[in-house]
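Below is the file start_16.csv, which contains CSV, C-alpha atoms and all ligand atoms.
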chain,number,residue,atom,x,y,z
A,1,MET,CA,6.7,-28.5,4.3
A,2,GLU,CA,8.6,-28.9,7.6
A,3,ALA,CA,7.9,-26.2,10.1
A,4,THR,CA,11.5,-26.7,11.4
A,5,SER,CA,12.7,-25.1,8.2
A,6,PHE,CA,12.0,-21.8,9.8
A,7,SER,CA,13.7,-22.3,13.2
A,8,SER,CA,15.4,-19.3,14.5
A,9,GLY,CA,18.0,-20.4,17.1
A,10,THR,CA,16.4,-18.3,19.9
A,11,GLN,CA,14.2,-19.5,22.7
A,12,ARG,CA,11.4,-17.2,21.8
A,13,PRO,CA,8.6,-18.7,19.9
A,14,ARG,CA,9.1,-18.2,16.2
A,15,LEU,CA,6.3,-16.5,14.3
A,16,ALA,CA,5.2,-16.1,10.8
A,17,GLU,CA,3.4,-13.0,9.5
A,18,LEU,CA,1.5,-13.7,6.3
A,19,HIS,CA,-0.8,-10.6,6.0
A,20,THR,CA,0.7,-7.2,6.5
A,21,HIS,CA,0.6,-4.2,4.1
A,22,LEU,CA,3.8,-2.2,3.7
A,23,GLY,CA,1.8,1.0,4.0
A,24,GLY,CA,0.9,0.2,7.7
A,25,SER,CA,4.1,-1.6,8.6
A,26,VAL,CA,6.9,1.0,8.7
A,27,ALA,CA,7.7,2.4,12.1
A,28,PRO,CA,6.7,6.1,12.5
A,29,SER,CA,10.3,7.0,13.5
A,30,ILE,CA,11.6,5.5,10.2
A,31,LEU,CA,8.8,7.3,8.2
A,32,TRP,CA,9.8,10.5,9.9
A,33,SER,CA,13.5,10.1,9.0
A,34,ILE,CA,12.8,9.0,5.4
A,35,ALA,CA,10.5,12.1,4.9
A,36,HIS,CA,13.3,14.3,6.3
A,37,ASP,CA,15.9,12.6,4.1
A,38,GLN,CA,13.8,13.5,1.1
A,39,GLY,CA,13.1,17.1,2.2
A,40,MET,CA,9.4,16.4,2.3
A,41,LYS,CA,7.0,19.0,3.8
A,42,LEU,CA,5.1,17.2,6.5
A,43,PRO,CA,1.8,18.4,8.1
A,44,THR,CA,3.7,19.0,11.4
A,45,LYS,CA,7.2,19.7,12.6
A,46,ASP,CA,6.5,17.9,15.9
A,47,TYR,CA,7.5,14.2,15.8
A,48,TRP,CA,5.0,13.1,18.5
A,49,GLU,CA,2.1,14.9,16.7
A,50,PHE,CA,3.2,13.0,13.5
A,51,GLU,CA,3.2,9.7,15.4
A,52,ASN,CA,-0.4,10.4,16.6
A,53,MET,CA,-1.4,10.9,13.0
A,54,VAL,CA,-0.1,7.6,11.6
A,55,VAL,CA,-0.6,5.2,14.5
A,56,ILE,CA,-3.9,4.1,16.3
A,57,LYS,CA,-2.5,4.2,19.8
A,58,GLU,CA,-5.3,3.6,22.3
A,59,PRO,CA,-6.2,0.0,22.9
A,60,PHE,CA,-9.6,-1.1,21.6
A,61,ARG,CA,-12.5,-1.0,24.0
A,62,ASP,CA,-15.8,-2.7,23.4
A,63,GLY,CA,-18.2,-0.3,21.7
A,64,GLY,CA,-15.4,2.2,21.1
A,65,GLY,CA,-16.5,2.7,17.5
A,66,MET,CA,-14.5,2.7,14.3
A,67,ARG,CA,-10.8,3.6,14.5
A,68,ARG,CA,-9.7,3.9,10.9
A,69,LEU,CA,-6.7,6.2,10.3
A,70,ASP,CA,-7.7,9.4,8.6
A,71,GLU,CA,-7.4,8.5,4.9
A,72,LYS,CA,-5.2,11.5,4.3
A,73,TYR,CA,-2.6,10.2,6.8
A,74,TYR,CA,-2.7,6.7,5.4
A,75,LYS,CA,-2.0,8.3,2.0
A,76,LEU,CA,0.8,10.3,3.6
A,77,CYS,CA,2.5,7.1,4.8
A,78,GLU,CA,2.3,5.7,1.3
A,79,LEU,CA,3.6,9.0,-0.1
A,80,ILE,CA,6.6,9.1,2.2
A,81,GLN,CA,7.4,5.5,1.0
A,82,SER,CA,6.9,6.4,-2.7
A,83,SER,CA,10.4,6.6,-4.1
A,84,PRO,CA,13.1,4.1,-4.9
A,85,SER,CA,15.4,5.6,-2.3
A,86,ALA,CA,12.7,5.4,0.4
A,87,LEU,CA,11.4,1.9,-0.2
A,88,SER,CA,14.6,0.0,0.4
A,89,PRO,CA,15.2,1.2,3.9
A,90,ALA,CA,11.5,1.1,4.7
A,91,VAL,CA,11.3,-2.6,3.8
A,92,ARG,CA,14.6,-3.5,5.4
A,93,ASN,CA,13.3,-2.0,8.6
A,94,VAL,CA,9.9,-3.7,8.5
A,95,ILE,CA,11.5,-7.2,8.2
A,96,GLY,CA,14.4,-6.6,10.5
A,97,GLY,CA,12.2,-4.9,13.1
A,98,ALA,CA,9.6,-7.7,13.1
A,99,TYR,CA,12.4,-10.2,13.7
A,100,ARG,CA,14.0,-8.2,16.5
A,101,ALA,CA,10.8,-7.4,18.3
A,102,ASN,CA,8.7,-10.5,17.7
A,103,ASN,CA,11.0,-13.2,16.3
A,104,VAL,CA,9.1,-13.1,13.0
A,105,VAL,CA,11.3,-15.6,11.0
A,106,LEU,CA,8.9,-15.8,8.1
A,107,HIS,CA,7.6,-12.6,6.7
A,108,GLU,CA,5.3,-12.1,3.7
A,109,LEU,CA,5.0,-8.4,2.9
A,110,ARG,CA,2.4,-7.1,0.5
A,111,PHE,CA,2.3,-3.8,-1.4
A,112,ASN,CA,1.0,-2.2,-4.5
A,113,PRO,CA,3.8,-0.9,-6.7
A,114,ALA,CA,1.4,1.4,-8.6
A,115,LYS,CA,0.5,3.1,-5.3
A,116,ARG,CA,4.2,3.9,-4.8
A,117,ASN,CA,5.1,5.6,-8.1
A,118,ARG,CA,3.5,9.0,-7.5
A,119,ALA,CA,0.8,8.6,-10.1
A,120,GLY,CA,3.2,7.4,-12.8
A,121,GLU,CA,6.0,9.9,-12.0
A,122,ARG,CA,8.4,7.1,-10.9
A,123,ASP,CA,9.1,4.0,-13.0
A,124,LEU,CA,7.4,0.9,-11.6
A,125,ASP,CA,10.5,-1.3,-12.2
A,126,TYR,CA,12.7,1.0,-10.0
A,127,ILE,CA,10.0,0.9,-7.3
A,128,ILE,CA,9.9,-2.9,-7.4
A,129,LEU,CA,13.6,-3.3,-7.5
A,130,SER,CA,13.9,-1.0,-4.5
A,131,VAL,CA,11.5,-3.2,-2.5
A,132,ILE,CA,13.4,-6.4,-3.6
A,133,ASN,CA,16.7,-4.7,-2.5
A,134,GLY,CA,15.2,-3.9,0.9
A,135,VAL,CA,14.2,-7.5,1.4
A,136,GLU,CA,17.6,-8.7,0.3
A,137,ARG,CA,19.3,-6.3,2.7
A,138,ALA,CA,17.1,-7.5,5.6
A,139,LEU,CA,17.9,-11.1,4.9
A,140,LEU,CA,21.6,-10.4,4.7
A,141,GLU,CA,21.4,-8.8,8.2
A,142,TYR,CA,19.1,-11.5,9.6
A,143,PRO,CA,19.9,-14.8,7.9
A,144,MET,CA,17.4,-16.7,10.1
A,145,VAL,CA,14.6,-14.9,8.4
A,146,GLN,CA,12.8,-15.9,5.2
A,147,ALA,CA,10.7,-13.4,3.3
A,148,GLY,CA,8.7,-12.9,0.2
A,149,ILE,CA,6.7,-10.1,-1.5
A,150,ILE,CA,3.1,-10.2,-2.5
A,151,PHE,CA,1.8,-7.8,-5.2
A,152,GLU,CA,-1.6,-6.3,-4.5
A,153,LEU,CA,-3.9,-5.5,-7.4
A,154,ASP,CA,-6.5,-3.0,-6.4
A,155,ARG,CA,-10.3,-2.8,-6.7
A,156,SER,CA,-10.0,0.9,-7.6
A,157,PHE,CA,-7.7,0.2,-10.6
A,158,ASP,CA,-9.0,-0.6,-14.0
A,159,TYR,CA,-8.3,-4.0,-15.6
A,160,LYS,CA,-5.5,-2.7,-17.7
A,161,LEU,CA,-3.5,-1.4,-14.7
A,162,ASN,CA,-4.1,-4.5,-12.7
A,163,THR,CA,-2.9,-6.6,-15.6
A,164,THR,CA,0.2,-4.5,-15.8
A,165,LEU,CA,0.9,-5.2,-12.1
A,166,TYR,CA,0.3,-8.9,-12.7
A,167,GLU,CA,2.8,-8.8,-15.6
A,168,LYS,CA,5.4,-7.2,-13.3
A,169,ALA,CA,4.7,-9.9,-10.7
A,170,CYS,CA,5.6,-12.5,-13.4
A,171,LYS,CA,8.7,-10.6,-14.4
A,172,TYR,CA,10.0,-10.6,-10.8
A,173,GLN,CA,8.8,-14.0,-9.8
A,174,ASN,CA,12.3,-15.4,-9.5
A,175,ARG,CA,13.4,-12.3,-7.5
A,176,GLY,CA,11.2,-12.9,-4.5
A,177,VAL,CA,7.6,-12.0,-5.6
A,178,ILE,CA,5.8,-15.0,-4.3
A,179,GLY,CA,2.1,-14.1,-4.5
A,180,VAL,CA,-0.7,-12.0,-5.9
A,181,ASP,CA,-3.6,-10.4,-4.0
A,182,VAL,CA,-6.5,-8.0,-4.6
A,183,ALA,CA,-7.0,-5.3,-2.0
A,184,GLY,CA,-9.1,-2.1,-1.6
A,185,PRO,CA,-12.6,-1.5,-0.4
A,186,GLN,CA,-15.6,-2.7,-2.4
A,187,ASP,CA,-16.0,-0.7,-5.7
A,188,ASP,CA,-18.9,-0.9,-8.0
A,189,HIS,CA,-16.6,-0.8,-11.0
A,190,PHE,CA,-14.6,-3.8,-9.9
A,191,LYS,CA,-15.9,-7.2,-11.0
A,192,MET,CA,-14.1,-10.2,-9.6
A,193,GLU,CA,-15.4,-12.4,-12.5
A,194,GLU,CA,-13.1,-10.5,-14.8
A,195,TYR,CA,-10.1,-11.6,-12.8
A,196,VAL,CA,-10.8,-15.4,-12.6
A,197,ASP,CA,-8.5,-16.2,-15.6
A,198,LEU,CA,-5.7,-14.0,-14.3
A,199,PHE,CA,-5.7,-15.8,-10.9
A,200,VAL,CA,-6.0,-19.2,-12.4
A,201,ASP,CA,-3.0,-18.4,-14.6
A,202,ALA,CA,-1.2,-17.1,-11.4
A,203,LYS,CA,-1.7,-20.5,-9.7
A,204,ARG,CA,-0.6,-22.3,-12.8
A,205,ARG,CA,2.7,-20.3,-12.8
A,206,GLY,CA,3.3,-21.2,-9.2
A,207,PHE,CA,2.3,-18.0,-7.5
A,208,GLY,CA,0.5,-18.1,-4.2
A,209,VAL,CA,-2.9,-16.5,-4.6
A,210,THR,CA,-4.6,-14.8,-1.7
A,211,ILE,CA,-7.6,-12.4,-2.1
A,212,HIS,CA,-9.0,-9.8,0.3
A,213,THR,CA,-12.7,-10.8,0.4
A,214,GLY,CA,-15.4,-11.6,3.0
A,215,GLU,CA,-14.2,-8.9,5.4
A,216,GLU,CA,-17.5,-7.1,5.6
A,217,GLY,CA,-21.0,-7.2,4.1
A,218,ASP,CA,-22.5,-10.1,2.2
A,219,PRO,CA,-20.0,-12.9,1.4
A,220,ALA,CA,-21.3,-13.2,-2.2
A,221,GLU,CA,-17.9,-12.2,-3.7
A,222,MET,CA,-16.2,-14.6,-1.4
A,223,ARG,CA,-18.4,-17.5,-2.6
A,224,LEU,CA,-17.4,-16.6,-6.2
A,225,VAL,CA,-13.7,-16.5,-5.2
A,226,VAL,CA,-13.9,-19.9,-3.6
A,227,ASP,CA,-15.9,-21.5,-6.4
A,228,LYS,CA,-14.2,-20.0,-9.4
A,229,ILE,CA,-10.6,-19.2,-8.3
A,230,GLN,CA,-10.0,-21.5,-5.3
A,231,PRO,CA,-7.2,-19.3,-4.0
A,232,HIS,CA,-4.7,-20.8,-1.6
A,233,ARG,CA,-5.7,-18.3,1.1
A,234,ILE,CA,-8.2,-15.5,1.7
A,235,GLY,CA,-7.4,-12.2,3.4
A,236,HIS,CA,-9.9,-11.9,6.3
A,237,GLY,CA,-12.8,-14.0,5.0
A,238,ILE,CA,-14.5,-13.8,8.4
A,239,ARG,CA,-18.0,-13.4,6.8
A,240,ALA,CA,-17.8,-17.1,6.0
A,241,ALA,CA,-18.7,-17.6,9.7
A,242,THR,CA,-22.3,-16.8,8.7
A,243,ASP,CA,-22.4,-19.3,5.9
A,244,PRO,CA,-21.9,-23.0,6.9
A,245,LYS,CA,-21.8,-24.1,3.2
A,246,LEU,CA,-19.0,-21.7,2.5
A,247,MET,CA,-17.1,-22.9,5.6
A,248,ASP,CA,-17.4,-26.5,4.4
A,249,LYS,CA,-15.9,-25.4,1.0
A,250,LEU,CA,-13.0,-23.6,2.8
A,251,THR,CA,-12.3,-26.8,4.8
A,252,GLU,CA,-12.6,-29.2,1.9
A,253,GLN,CA,-10.4,-27.1,-0.4
A,254,LYS,CA,-8.0,-26.3,2.5
A,255,ILE,CA,-8.2,-22.6,1.8
A,256,ALA,CA,-6.7,-20.8,4.8
A,257,LEU,CA,-8.0,-17.5,6.2
A,258,GLU,CA,-5.6,-14.7,7.2
A,259,LEU,CA,-7.3,-13.2,10.3
A,260,CYS,CA,-6.3,-9.8,11.7
A,261,PRO,CA,-8.0,-9.3,15.0
A,262,THR,CA,-7.1,-5.8,16.0
A,263,SER,CA,-7.6,-4.6,12.4
A,264,ASN,CA,-11.1,-6.1,12.5
A,265,LEU,CA,-11.9,-4.3,15.7
A,266,ASN,CA,-10.4,-1.0,14.7
A,267,ILE,CA,-12.2,-0.9,11.4
A,268,GLY,CA,-15.5,-1.8,13.1
A,269,ILE,CA,-16.0,-5.2,11.5
A,270,PHE,CA,-16.8,-6.4,15.1
A,271,LYS,CA,-18.0,-3.9,17.7
A,272,THR,CA,-17.0,-6.1,20.6
A,273,TRP,CA,-14.6,-8.9,21.5
A,274,ALA,CA,-17.7,-11.1,22.0
A,275,GLN,CA,-18.7,-10.7,18.4
A,276,LEU,CA,-15.1,-11.4,17.2
A,277,ARG,CA,-14.9,-14.4,19.6
A,278,HIS,CA,-18.1,-15.9,18.1
A,279,ALA,CA,-17.0,-15.5,14.5
A,280,TYR,CA,-13.4,-16.8,15.1
A,281,ARG,CA,-14.6,-19.8,17.1
A,282,THR,CA,-17.3,-20.7,14.6
A,283,LEU,CA,-14.6,-20.8,11.9
A,284,LEU,CA,-12.2,-22.8,14.0
A,285,GLU,CA,-14.8,-25.3,15.1
A,286,ALA,CA,-15.9,-25.7,11.4
A,287,GLY,CA,-12.3,-26.9,10.7
A,288,VAL,CA,-11.2,-23.9,8.7
A,289,THR,CA,-7.5,-23.4,8.6
A,290,LEU,CA,-6.8,-20.1,10.4
A,291,THR,CA,-3.7,-17.9,10.7
A,292,ILE,CA,-3.2,-14.7,12.8
A,293,ASN,CA,-1.7,-11.6,11.4
A,294,THR,CA,-1.5,-7.9,12.0
A,295,ASP,CA,-2.6,-6.2,8.7
A,296,GLY,CA,0.0,-3.5,9.4
A,297,PRO,CA,1.3,-3.5,12.9
A,298,GLU,CA,2.6,0.1,13.1
A,299,MET,CA,-0.6,1.6,11.9
A,300,HIS,CA,-2.8,-0.6,14.1
A,301,GLY,CA,-0.5,0.0,17.1
A,302,THR,CA,0.1,-3.7,17.6
A,303,ASN,CA,2.5,-6.5,16.8
A,304,LEU,CA,2.1,-10.2,16.2
A,305,THR,CA,3.0,-11.3,19.7
A,306,HIS,CA,0.4,-8.9,21.1
A,307,GLU,CA,-2.3,-10.2,18.7
A,308,LEU,CA,-1.7,-13.7,20.0
A,309,GLN,CA,-1.7,-12.6,23.6
A,310,LEU,CA,-5.0,-10.7,23.1
A,311,LEU,CA,-6.7,-13.8,21.6
A,312,GLU,CA,-5.7,-15.8,24.7
A,313,GLU,CA,-6.6,-13.0,27.2
A,314,GLN,CA,-10.0,-12.5,25.5
A,315,GLU,CA,-10.6,-16.3,25.5
A,316,VAL,CA,-11.0,-16.4,21.8
A,317,PHE,CA,-8.6,-19.4,21.5
A,318,SER,CA,-7.0,-21.6,24.2
A,319,ARG,CA,-3.2,-21.7,24.3
A,320,ALA,CA,-3.2,-25.1,22.6
A,321,GLU,CA,-5.5,-23.8,19.8
A,322,LEU,CA,-3.1,-20.8,19.4
A,323,GLU,CA,-0.1,-23.1,19.0
A,324,ARG,CA,-1.9,-24.9,16.2
A,325,VAL,CA,-2.9,-21.6,14.6
A,326,LYS,CA,0.7,-20.3,14.8
A,327,GLU,CA,1.9,-23.5,13.1
A,328,ASN,CA,-0.7,-23.1,10.4
A,329,ALA,CA,1.1,-20.0,9.1
A,330,PHE,CA,4.2,-22.0,8.5
A,331,ARG,CA,2.3,-24.7,6.6
A,332,VAL,CA,0.3,-22.3,4.3
A,333,THR,CA,3.1,-19.8,3.5
A,334,PHE,CA,3.9,-19.0,-0.1
A,335,VAL,CA,7.6,-18.9,0.8
A,336,LYS,CA,9.1,-22.2,0.0
A,337,PRO,CA,11.5,-23.9,2.6
A,338,ASN,CA,15.2,-23.1,2.7
A,339,GLY,CA,17.0,-24.1,-0.4
A,340,SER,CA,14.1,-24.0,-2.8
A,341,ALA,CA,15.3,-22.2,-5.9
A,342,ASP,CA,12.0,-20.9,-7.1
A,343,SER,CA,11.3,-18.7,-4.1
A,344,LYS,CA,14.6,-17.9,-2.4
A,345,LEU,CA,15.7,-14.4,-3.2
A,346,GLN,CA,18.5,-14.5,-5.6
A,347,LEU,CA,21.5,-12.4,-4.6
A,401,ZN,ZN,-5.2,-6.4,4.5
Represent the structure contained in this file as structure tokens.
Amino acid sequence: MEATSFSSGTQRPRLAELHTHLGGSVAPSILWSIAHDQGMKLPTKDYWEFENMVVIKEPFRDGGGMRRLDEKYYKLCELIQSSPSALSPAVRNVIGGAYRANNVVLHELRFNPAKRNRAGERDLDYIILSVINGVERALLEYPMVQAGIIFELDRSFDYKLNTTLYEKACKYQNRGVIGVDVAGPQDDHFKMEEYVDLFVDAKRRGFGVTIHTGEEGDPAEMRLVVDKIQPHRIGHGIRAATDPKLMDKLTEQKIALELCPTSNLNIGIFKTWAQLRHAYRTLLEAGVTLTINTDGPEMHGTNLTHELQLLEEQEVFSRAELERVKENAFRVTFVKPNGSADSKLQL
């Protein structure tokens, strides 16, 4: 795939965002307006107080501790987005906003339709079509941008519900759903082995497969994912830095990692920049294909340009290394180049 397929016509560097969750990507001002449009009762009537609830604002400081959003406020962000009328403008704003602010000309946005339907109250197809509509509207406004949607399965869901989501991904594959993922914290009830066939089938159907694994703890599940599923990419996967054999497999199989630095620090995966630097450089020097992403720029109080600047300032990567990392994202995207019928959104 030629990187030039995604040129933007501006002098600013063009960027690709491959790992961002819709739940953490909508600007607080848009969330606020959408909530008011729907007549939702919010925990505060003060916009600035609301913004403090849904955005991690202070820059990370070494040893500053974990900075997860309060779970109830993350759920509030999802709830505000959880209707067909809310999703289209939310998605449109995410893609348009990233282009205007950061020249993100290639945008893969992931979400879980079953976490946007108010526990079954709303029909999944309407939810999905609303997201597709939001992407299409953004691409009409900003024709230099290309975008695709990744459906997240979830570790907290049972196999049946996850399979339903996969069936929906298949149904909308020619409408811009380009990939399948699994997200959510480790859950004793979730067994990755049960999903091997599903992901092998997804690859056979031409989906991009990326899996959140190896973010924290023992990389045992990540080893299984690499051996049995061989996904195209892995969300985070930073624990591979402690396992040379696993890094060798990632390199041999050309499995790319989607790294999200500020997210790693906020969540407490690394306590200091030095720890992050060591892990990221170990992966780079082992030859693993790396990409840099935000995981949800609005929630983490960052953006893609800022992430790249931080990595240079903190001497994680040199400028030349960062250039290669930026280009990696254009090579490993699930969005096919311009003109490819199987991934271009059909209007
Ligand atoms: Zn993620």
CA of Leu22 (chain A) and CA of Arg67 (chain A) are how many Å apart?
19.1 Å
Distance cut-off 10 Å, centre (-7.3, -13.9, 22.1) in file coordinates, counting only C-alpha atoms: which residues qualify? Return them as a PyMOL selection string.
chain A and resi 261+273+276-277+280+306-319+322
Could you please take those selected residues and save C-alpha atoms as an mmCIF file, keeping the file's coordinate frame?
data_model
loop_
_atom_site.group_PDB
_atom_site.id
_atom_site.type_symbol
_atom_site.label_atom_id
_atom_site.label_comp_id
_atom_site.auth_asym_id
_atom_site.auth_seq_id
_atom_site.Cartn_x
_atom_site.Cartn_y
_atom_site.Cartn_z
ATOM 1 C CA PRO A 261 -8.000 -9.300 15.000
ATOM 2 C CA TRP A 273 -14.600 -8.900 21.500
ATOM 3 C CA LEU A 276 -15.100 -11.400 17.200
ATOM 4 C CA ARG A 277 -14.900 -14.400 19.600
ATOM 5 C CA TYR A 280 -13.400 -16.800 15.100
ATOM 6 C CA HIS A 306 0.400 -8.900 21.100
ATOM 7 C CA GLU A 307 -2.300 -10.200 18.700
ATOM 8 C CA LEU A 308 -1.700 -13.700 20.000
ATOM 9 C CA GLN A 309 -1.700 -12.600 23.600
ATOM 10 C CA LEU A 310 -5.000 -10.700 23.100
ATOM 11 C CA LEU A 311 -6.700 -13.800 21.600
ATOM 12 C CA GLU A 312 -5.700 -15.800 24.700
ATOM 13 C CA GLU A 313 -6.600 -13.000 27.200
ATOM 14 C CA GLN A 314 -10.000 -12.500 25.500
ATOM 15 C CA GLU A 315 -10.600 -16.300 25.500
ATOM 16 C CA VAL A 316 -11.000 -16.400 21.800
ATOM 17 C CA PHE A 317 -8.600 -19.400 21.500
ATOM 18 C CA SER A 318 -7.000 -21.600 24.200
ATOM 19 C CA ARG A 319 -3.200 -21.700 24.300
ATOM 20 C CA LEU A 322 -3.100 -20.800 19.400
#
Identify, on the basis of all atoms listed in the file, every residue whose closest approach to Arg204 (chain A) does not exceed 12 Å; exclude the query and any residue fewer than 3 positions from it along the same chain; express the result as a ChimeraX atom specification.
/A:170,179,197-201,207-209,229,231
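Interatomic distance, CA of Tyr172 (chain A) to CA of Ala35 (chain A): 27.6 Å.
Take the candidates A:Ser156, A:Thr163, A:Gln38, A:Thr210 and check each one against Pro185 (chain A) using only C-alpha atoms; the shortest distance goes to A:Ser156.
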Excluding Asn303 (chain A) and residues on its chain fewer than 3 positions from it, collect all residues at most 10 Å away from it, counting all atoms listed in the file, and give them as a tab-separated table (two decimals) with C-alpha atoms, in the coordinates of the input.
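Below is the file selection-v5.tsv, written as the result:
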chain	number	residue	atom	x	y	z
A	17	GLU	CA	3.40	-13.00	9.50
A	25	SER	CA	4.10	-1.60	8.60
A	98	ALA	CA	9.60	-7.70	13.10
A	101	ALA	CA	10.80	-7.40	18.30
A	102	ASN	CA	8.70	-10.50	17.70
A	262	THR	CA	-7.10	-5.80	16.00
A	293	ASN	CA	-1.70	-11.60	11.40
A	294	THR	CA	-1.50	-7.90	12.00
A	295	ASP	CA	-2.60	-6.20	8.70
A	296	GLY	CA	0.00	-3.50	9.40
A	297	PRO	CA	1.30	-3.50	12.90
A	298	GLU	CA	2.60	0.10	13.10
A	299	MET	CA	-0.60	1.60	11.90
A	300	HIS	CA	-2.80	-0.60	14.10
A	306	HIS	CA	0.40	-8.90	21.10
A	307	GLU	CA	-2.30	-10.20	18.70
A	308	LEU	CA	-1.70	-13.70	20.00
Quick one: residues within 8 Å of ligand ZN 401 (chain A), with only C-alpha atoms and all ligand atoms, as JSON, numbers by chain?
{"A": [19, 20, 21, 183, 212, 235, 236, 295, 296]}
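Counting from CA of Ala114 (chain A), the distance to CA of Leu165 (chain A) is 7.5 Å.
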If we count all atoms listed in the file and set the cut-off at 7 Å, which residues sit around Leu18 (chain A), ignoring sequence neighbours fewer than 2 positions away in its own chain? Please answer as a PyMOL selection string.
chain A and resi 16+20+107-108+293+329+333
Show me, as a VMD selection string, the residues that have an atom within 10 Å of Leu224 (chain A) when counting all atoms listed in the file, minus same-chain residues fewer than 5 positions from it.
chain A and resid 192 to 193 196 213 219 229 to 230
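Using only C-alpha atoms, the nearest neighbour of Asp154 (chain A) within the list A:Ile34, A:Val332, A:Val180, A:Val94 is A:Val180.
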Nearby residues (only C-alpha atoms) at most 10 Å from region 248-254 of chain A, same-chain spacing under 6 positions excluded, as a ChimeraX atom specification:
/A:223,226-227,230-234,237,240,283,286-289,332
Residue with smallest distance to Leu15 (chain A) - pool A:Leu106, A:Met40, A:Ala86, A:Ile269, counting all atoms listed in the file:
A:Leu106
Using all atoms listed in the file: which of A:Leu129, A:Cys77, A:Val177, A:Ile292 has the shortest distance to Val55 (chain A):
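Among the listed residues, A:Cys77 lies closest to Val55 (chain A).
Remark: for Asn93 (chain A), the closest of the candidate residues A:Leu79, A:Ile132, A:Met66, A:Val26 is A:Val26 (distances computed over all atoms listed in the file).
Among the candidates A:Glu141, A:Glu221, A:Asp181, A:Glu215, the residue lying nearest to Leu153 (chain A) is A:Asp181 (atoms considered: only C-alpha atoms).
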Neighbours of point (-8.7, 1.7, 13.3) within 8 Å, using all atoms listed in the file, written as a PyMOL selection string
chain A and resi 56+66-69+263+265-268+300
